[in-house]
Amino acid sequence: MKPLEDYLIVDFSQFLSGPSASLRLADLGARVIKIEKPGTGDICRTLYTSDLIMNGESSVFHTINRNKESFAIDFKEPSELEKLKKLLAKADVVMHNFRPGVMERVGLSYDDLKAINPNVIYASISGFGEHPDLKDLPGQDLLLQSLTALTWLSGNQDDGPVPMGLSIVDMLAGAHLAQGILAALYRKVTHNIGASVQVSMLESAFDFQFETITTYFNDGGELPVRTKTNNAHAYLGAPYGIYKTKNGFLALAMGSIPVLASLLKCDALLAFPENKFTLRDQIKNILATHLQTRNTDFWLNILEPADIWCAGVLNYQELFAEDGFKILDFTQKVTMLDGYSYQTTRCPIKIDGEYLTSSKGSPKLGQDNEKIIKEFIAV
């Protein structure tokens with residue numbers, strides 16, 4: 001039995017942040033009913049990446065909405081709203097990621113739901129919370145990265161702002177919402193009360209930088225400075241970074257420069273007896289030149305036995321060919337109601353020695369209407 005079996009989650013959210021939270025809860029065993037607009041559904045159904053269409057819709061949608069049901073209903077219509085409230089009255093969790101004020105205007109605020117479901121957990125993700133100047137702006141990942149200084153931590157010193165290559169703020173906010181919901185569910189079981197759980201992408205992006213923000217506040221207010229080359233962390237000295245080798249790339253984390261000088265037989269490094277933060281650019285330049293003289297495996301065979309923190313740098317083709325990846329069995333095949341199957345990732349959590357998997361793919365728009373109406377509304 002999965003931990004959240006018998007819990008019902010009704011999810012109004014779209015795009016990535018909210019659906020990523022309900023996906024994790026579905027992996028943990030919850031029944032997730034996705035509320036969608038008739039005709040178009042979640043905008044993410046047509047948010048294509050790399051122009052990839054899977055069974056007529058976006059790969060992003062299929063990835064983040066597997067293991068869910070779809071209920072298409074126009075709840076702006078008063079008669080449809082009344083039908084929907086019958087479902088919401090039986091939900092353990094109701095969640096959304098609309099901009100502030102949207103749910104209040106349609107009559108689905110936290111107070112509205114408490115009137116029909118006193119112990120409901122009402123969970124929401126917004127872009128900017130109640131920030132007076134930003135709350136009405138779209139909560140889009142690149143915009144949040146830009147407005148929270150994240151783009152000044154990646155890349156090299158002269159690159160300008162560099163965004164991360166993933167929708168990281170969406171995923172962080174979704175993870176935080178799932179954590180808040182789980183805490184509220186625990187309190188509901190132990191104290192029989194509901195909760196309003198609120199997460200903003202803005203605050204999730206700030207929290208993500210707890211290490212660098214704390215350093216900034218306690219280091220004289222100096223801006224983080226990326227190294228001129230091979231940057232991987234604005235506040236760490238050499239050798240921390242990724243370096244080109246004769247046939248690929250090598251990642252080096254923290255390590256003693258004198259020890260590296262000896263192991264790599266790099267005489268030029270002998271001039272640096274300590275890991276001086278202020279000398280990191282000079283040290284990295286020497287390493288960058290020296291490491292290009294041999295293949296990646298040559299260096300790994302020297303450094304790994306000496307317990308130096310290092311790794312080869314893999315692309316997807318190399319990663320998925322690795323025995324280490326295959327042993328993890330990290331992908332799963334899921335199948336939609338119409339028989340369409342696709343390969344995707346599984347939940348990373350293991351409970352009692354078992355991974356949390358499900359063969360249930362993403363739902364077609366409104367595919368579960370009849371079942372949901374019969375079970376929750378037409379009674």
# chains A, B, ... in the order shown; residues from 1 in each chain; ligands from 1
call {"tool": "residues_around", "arguments": {"residues": "Gly312 (chain A)", "least_positions_apart": "3", "cutoff": "8 Å", "atoms": "only C-alpha atoms", "output": "ChimeraX atom specification"}}
result
/A:249-251,296-297,300
call {"tool": "write_last_selection", "arguments": {"atoms": "C-alpha atoms", "output": "PDB file, in the first residue's frame"}}
result
ATOM      1  CA  PHE A 249      35.640  16.928 -20.065  1.00  0.00           C
ATOM      2  CA  LEU A 250      36.546  16.417 -16.417  1.00  0.00           C
ATOM      3  CA  ALA A 251      34.758  17.804 -13.353  1.00  0.00           C
ATOM      4  CA  THR A 296      39.592  12.004 -19.374  1.00  0.00           C
ATOM      5  CA  ASP A 297      40.074   8.363 -18.367  1.00  0.00           C
ATOM      6  CA  LEU A 300      40.321   9.677 -13.638  1.00  0.00           C
TER       7      LEU A 300
END
call {"tool": "residues_around", "arguments": {"residues": "Glu69 (chain A)", "least_positions_apart": "4", "cutoff": "12 Å", "atoms": "only C-alpha atoms", "output": "JSON, numbers by chain"}}
result
{"A": [8, 9, 10, 11, 12, 22, 23, 26, 30, 31, 32, 33, 34, 35, 36, 65, 336, 337, 360, 361, 362, 363, 364, 365, 366, 367, 368, 369, 370, 371, 372]}
call {"tool": "closest_residue", "arguments": {"among": "A:Thr345, A:Ser50, A:Asn192, A:Asn301", "to": "Leu328 (chain A)", "atoms": "only C-alpha atoms"}}
result
A:Thr345
call {"tool": "atom_distance", "arguments": {"atom1": "CA of Pro38 (chain A)", "atom2": "CA of Ala72 (chain A)"}}
result
5.0 Å
call {"tool": "closest_atom_pairs", "arguments": {"of": "region 161-192 of chain A", "to": "region 115-136 of chain A", "cutoff": "8 Å", "atoms": "only C-alpha atoms", "output": "CSV"}}
result
residue,atom,partner,partner_atom,distance
A:Ala173,CA,A:Ile125,CA,7.2
A:Gly174,CA,A:Ile125,CA,7.8
A:Leu177,CA,A:Ile125,CA,7.2
A:Ile181,CA,A:Ala123,CA,6.9
A:Ala184,CA,A:Ile121,CA,6.9
A:Leu185,CA,A:Ile121,CA,7.5
A:Lys188,CA,A:Asn119,CA,7.3
A:Asn192,CA,A:Asn119,CA,6.9
call {"tool": "residues_around", "arguments": {"residues": "Asp159 (chain A)", "least_positions_apart": "2", "cutoff": "12 Å", "atoms": "only C-alpha atoms", "output": "ChimeraX atom specification"}}
result
/A:151-157,161-163,225-231
call {"tool": "closest_residue", "arguments": {"among": "A:Ala178, A:Cys266, A:Leu28, A:Ala149", "to": "Met95 (chain A)", "atoms": "only C-alpha atoms"}}
result
A:Ala178
call {"tool": "atom_distance", "arguments": {"atom1": "CA of Leu88 (chain A)", "atom2": "CA of Leu113 (chain A)"}}
result
7.5 Å
call {"tool": "select_by_dssp", "arguments": {"residues": "region 298-372 of chain A", "states": "strand (DSSP E or B)", "output": "list of chain:residue names"}}
result
A:Cys310, A:Ala311, A:Gly312, A:Thr331, A:Gln332, A:Lys333, A:Val334, A:Thr335, A:Ser341, A:Tyr342, A:Gln343, A:Thr344, A:Thr345, A:Lys350, A:Ile351, A:Glu354, A:Tyr355, A:Lys360
call {"tool": "write_last_selection", "arguments": {"atoms": "N, CA and C atoms", "output": "short mmCIF file (atom, residue, chain, number, x, y, z; two decimals), in the first residue's frame"}}
result
data_model
loop_
_atom_site.label_atom_id
_atom_site.label_comp_id
_atom_site.auth_asym_id
_atom_site.auth_seq_id
_atom_site.Cartn_x
_atom_site.Cartn_y
_atom_site.Cartn_z
N CYS A 310 36.16 13.88 -8.26
CA CYS A 310 36.21 14.16 -9.69
C CYS A 310 35.23 13.25 -10.42
N ALA A 311 34.94 13.59 -11.66
CA ALA A 311 34.02 12.77 -12.46
C ALA A 311 34.17 13.14 -13.92
N GLY A 312 33.87 12.18 -14.77
CA GLY A 312 33.72 12.49 -16.18
C GLY A 312 32.44 13.28 -16.38
N THR A 331 13.79 4.55 -15.49
CA THR A 331 12.71 4.88 -16.41
C THR A 331 11.60 3.84 -16.29
N GLN A 332 10.42 4.22 -16.71
CA GLN A 332 9.29 3.31 -16.70
C GLN A 332 8.44 3.56 -17.95
N LYS A 333 7.75 2.52 -18.39
CA LYS A 333 6.83 2.67 -19.50
C LYS A 333 5.43 2.86 -18.93
N VAL A 334 4.76 3.91 -19.40
CA VAL A 334 3.39 4.17 -18.98
C VAL A 334 2.49 4.15 -20.20
N THR A 335 1.22 3.84 -19.98
CA THR A 335 0.29 3.66 -21.09
C THR A 335 -0.97 4.48 -20.85
N SER A 341 1.73 4.24 -25.51
CA SER A 341 2.73 4.04 -24.46
C SER A 341 3.94 4.94 -24.70
N TYR A 342 4.56 5.35 -23.63
CA TYR A 342 5.78 6.14 -23.76
C TYR A 342 6.68 5.90 -22.55
N GLN A 343 7.96 6.14 -22.77
CA GLN A 343 8.98 5.96 -21.75
C GLN A 343 9.20 7.28 -21.03
N THR A 344 9.27 7.24 -19.71
CA THR A 344 9.50 8.45 -18.93
C THR A 344 10.22 8.07 -17.64
N THR A 345 10.47 9.04 -16.79
CA THR A 345 11.15 8.77 -15.53
C THR A 345 10.15 8.28 -14.48
N LYS A 350 12.06 5.82 -2.57
CA LYS A 350 11.90 4.40 -2.25
C LYS A 350 11.35 4.28 -0.83
N ILE A 351 10.30 3.48 -0.65
CA ILE A 351 9.70 3.27 0.67
C ILE A 351 9.63 1.77 0.95
N GLU A 354 10.89 -0.44 -1.75
CA GLU A 354 10.20 -0.49 -3.03
C GLU A 354 10.12 0.91 -3.64
N TYR A 355 10.39 0.98 -4.95
CA TYR A 355 10.19 2.23 -5.65
C TYR A 355 8.71 2.42 -5.95
N LYS A 360 0.29 3.95 -15.30
CA LYS A 360 -0.79 4.80 -15.80
C LYS A 360 -0.23 6.06 -16.44
#
call {"tool": "residues_around", "arguments": {"residues": "Gln292 (chain A)", "least_positions_apart": "3", "cutoff": "7 Å", "atoms": "only C-alpha atoms", "output": "PyMOL selection string"}}
result
chain A and resi 244-246+288-289
call {"tool": "residues_around", "arguments": {"residues": "Gly18 (chain A)", "least_positions_apart": "3", "cutoff": "6 Å", "atoms": "only C-alpha atoms", "output": "JSON, numbers by chain"}}
result
{"A": [13, 21, 97, 174]}
call {"tool": "write_last_selection", "arguments": {"atoms": "N, CA and C atoms", "output": "CSV table (one decimal), in the first residue's frame"}}
result
chain,number,residue,atom,x,y,z
A,13,SER,N,-4.2,23.2,-11.2
A,13,SER,CA,-3.0,23.9,-11.7
A,13,SER,C,-2.6,23.5,-13.1
A,21,ALA,N,3.9,19.2,-8.4
A,21,ALA,CA,3.6,18.8,-7.0
A,21,ALA,C,2.6,17.7,-6.9
A,97,ASN,N,-2.6,27.0,-9.2
A,97,ASN,CA,-1.5,28.0,-9.4
A,97,ASN,C,-2.0,29.2,-10.2
A,174,GLY,N,7.1,23.6,-6.9
A,174,GLY,CA,6.3,22.4,-6.8
A,174,GLY,C,6.7,21.5,-5.7
call {"tool": "closest_residue", "arguments": {"among": "A:Phe75, A:Phe210, A:Phe272, A:Phe277", "to": "Gly237 (chain A)", "atoms": "only C-alpha atoms"}}
result
A:Phe277
call {"tool": "residues_around", "arguments": {"residues": "Ile283 (chain A)", "least_positions_apart": "4", "cutoff": "8 Å", "atoms": "only C-alpha atoms", "output": "list in words"}}
result
Ala238, Pro239, Leu269, Phe272, Leu279 and Leu287 of chain A
call {"tool": "residues_around", "arguments": {"residues": "Tyr240 (chain A)", "least_positions_apart": "6", "cutoff": "9 Å", "atoms": "only C-alpha atoms", "output": "mmCIF file with all heavy atoms, in the first residue's frame"}}
result
data_model
loop_
_atom_site.group_PDB
_atom_site.id
_atom_site.type_symbol
_atom_site.label_atom_id
_atom_site.label_comp_id
_atom_site.auth_asym_id
_atom_site.auth_seq_id
_atom_site.Cartn_x
_atom_site.Cartn_y
_atom_site.Cartn_z
ATOM 1 N N ASN A 230 35.996 28.279 -16.458
ATOM 2 C CA ASN A 230 35.716 27.045 -15.714
ATOM 3 C C ASN A 230 34.920 27.292 -14.436
ATOM 4 O O ASN A 230 35.092 26.598 -13.438
ATOM 5 C CB ASN A 230 37.023 26.315 -15.379
ATOM 6 C CG ASN A 230 37.889 26.067 -16.599
ATOM 7 O OD1 ASN A 230 38.746 26.889 -16.908
ATOM 8 N ND2 ASN A 230 37.654 24.974 -17.288
ATOM 9 N N ASN A 231 34.024 28.259 -14.451
ATOM 10 C CA ASN A 231 33.235 28.551 -13.257
ATOM 11 C C ASN A 231 32.198 27.466 -13.011
ATOM 12 O O ASN A 231 31.537 26.998 -13.929
ATOM 13 C CB ASN A 231 32.524 29.900 -13.397
ATOM 14 C CG ASN A 231 31.643 30.201 -12.191
ATOM 15 O OD1 ASN A 231 32.152 30.461 -11.107
ATOM 16 N ND2 ASN A 231 30.330 30.142 -12.375
ATOM 17 N N ALA A 232 32.033 27.085 -11.742
ATOM 18 C CA ALA A 232 30.952 26.183 -11.349
ATOM 19 C C ALA A 232 30.286 26.643 -10.063
ATOM 20 O O ALA A 232 29.226 26.144 -9.714
ATOM 21 C CB ALA A 232 31.472 24.753 -11.181
ATOM 22 N N HIS A 233 30.924 27.574 -9.347
ATOM 23 C CA HIS A 233 30.359 28.094 -8.091
ATOM 24 C C HIS A 233 31.057 29.416 -7.792
ATOM 25 O O HIS A 233 32.281 29.466 -7.657
ATOM 26 C CB HIS A 233 30.596 27.094 -6.954
ATOM 27 C CG HIS A 233 29.775 27.354 -5.729
ATOM 28 N ND1 HIS A 233 29.874 28.513 -5.004
ATOM 29 C CD2 HIS A 233 28.842 26.592 -5.100
ATOM 30 C CE1 HIS A 233 29.050 28.465 -3.967
ATOM 31 N NE2 HIS A 233 28.400 27.311 -4.017
ATOM 32 N N ALA A 251 35.232 16.950 -14.439
ATOM 33 C CA ALA A 251 34.758 17.804 -13.353
ATOM 34 C C ALA A 251 35.650 17.607 -12.134
ATOM 35 O O ALA A 251 35.936 16.477 -11.744
ATOM 36 C CB ALA A 251 33.315 17.455 -13.007
ATOM 37 N N LEU A 252 36.072 18.711 -11.547
ATOM 38 C CA LEU A 252 36.874 18.686 -10.322
ATOM 39 C C LEU A 252 36.150 19.487 -9.259
ATOM 40 O O LEU A 252 35.795 20.651 -9.481
ATOM 41 C CB LEU A 252 38.257 19.301 -10.557
ATOM 42 C CG LEU A 252 39.283 18.474 -11.327
ATOM 43 C CD1 LEU A 252 40.534 19.308 -11.574
ATOM 44 C CD2 LEU A 252 39.634 17.211 -10.558
ATOM 45 N N ALA A 253 35.923 18.892 -8.107
ATOM 46 C CA ALA A 253 35.294 19.601 -6.990
ATOM 47 C C ALA A 253 36.402 20.122 -6.063
ATOM 48 O O ALA A 253 37.482 20.464 -6.502
ATOM 49 C CB ALA A 253 34.324 18.680 -6.261
ATOM 50 N N MET A 254 36.112 20.182 -4.765
ATOM 51 C CA MET A 254 37.114 20.703 -3.838
ATOM 52 C C MET A 254 38.330 19.779 -3.789
ATOM 53 O O MET A 254 38.198 18.562 -3.899
ATOM 54 C CB MET A 254 36.527 20.835 -2.436
ATOM 55 C CG MET A 254 35.570 22.004 -2.284
ATOM 56 S SD MET A 254 33.932 21.713 -3.002
ATOM 57 C CE MET A 254 33.210 20.666 -1.759
ATOM 58 N N GLY A 255 39.507 20.362 -3.599
ATOM 59 C CA GLY A 255 40.714 19.558 -3.518
ATOM 60 C C GLY A 255 41.932 20.416 -3.217
ATOM 61 O O GLY A 255 41.946 21.620 -3.512
ATOM 62 N N LYS A 284 43.121 28.006 -12.099
ATOM 63 C CA LYS A 284 42.259 27.365 -13.093
ATOM 64 C C LYS A 284 42.854 27.452 -14.496
ATOM 65 O O LYS A 284 42.706 26.519 -15.297
ATOM 66 C CB LYS A 284 40.857 27.991 -13.057
ATOM 67 C CG LYS A 284 40.026 27.559 -11.854
ATOM 68 C CD LYS A 284 38.593 28.039 -11.968
ATOM 69 C CE LYS A 284 37.731 27.438 -10.863
ATOM 70 N NZ LYS A 284 36.304 27.757 -11.012
#
call {"tool": "atom_distance", "arguments": {"atom1": "CA of Tyr110 (chain A)", "atom2": "CA of Ser167 (chain A)"}}
result
28.3 Å
call {"tool": "select_by_dssp", "arguments": {"residues": "region 2-145 of chain A", "states": "helix (DSSP H, G or I)", "output": "MDAnalysis selection string"}}
result
chainID A and resid 17:27 43:46 59:64 78:88 102:105 110:116 141:145
call {"tool": "closest_residue", "arguments": {"among": "A:Asp92, A:Asp51, A:Glu211, A:Asp42", "to": "Phe71 (chain A)", "atoms": "only C-alpha atoms"}}
result
A:Asp42
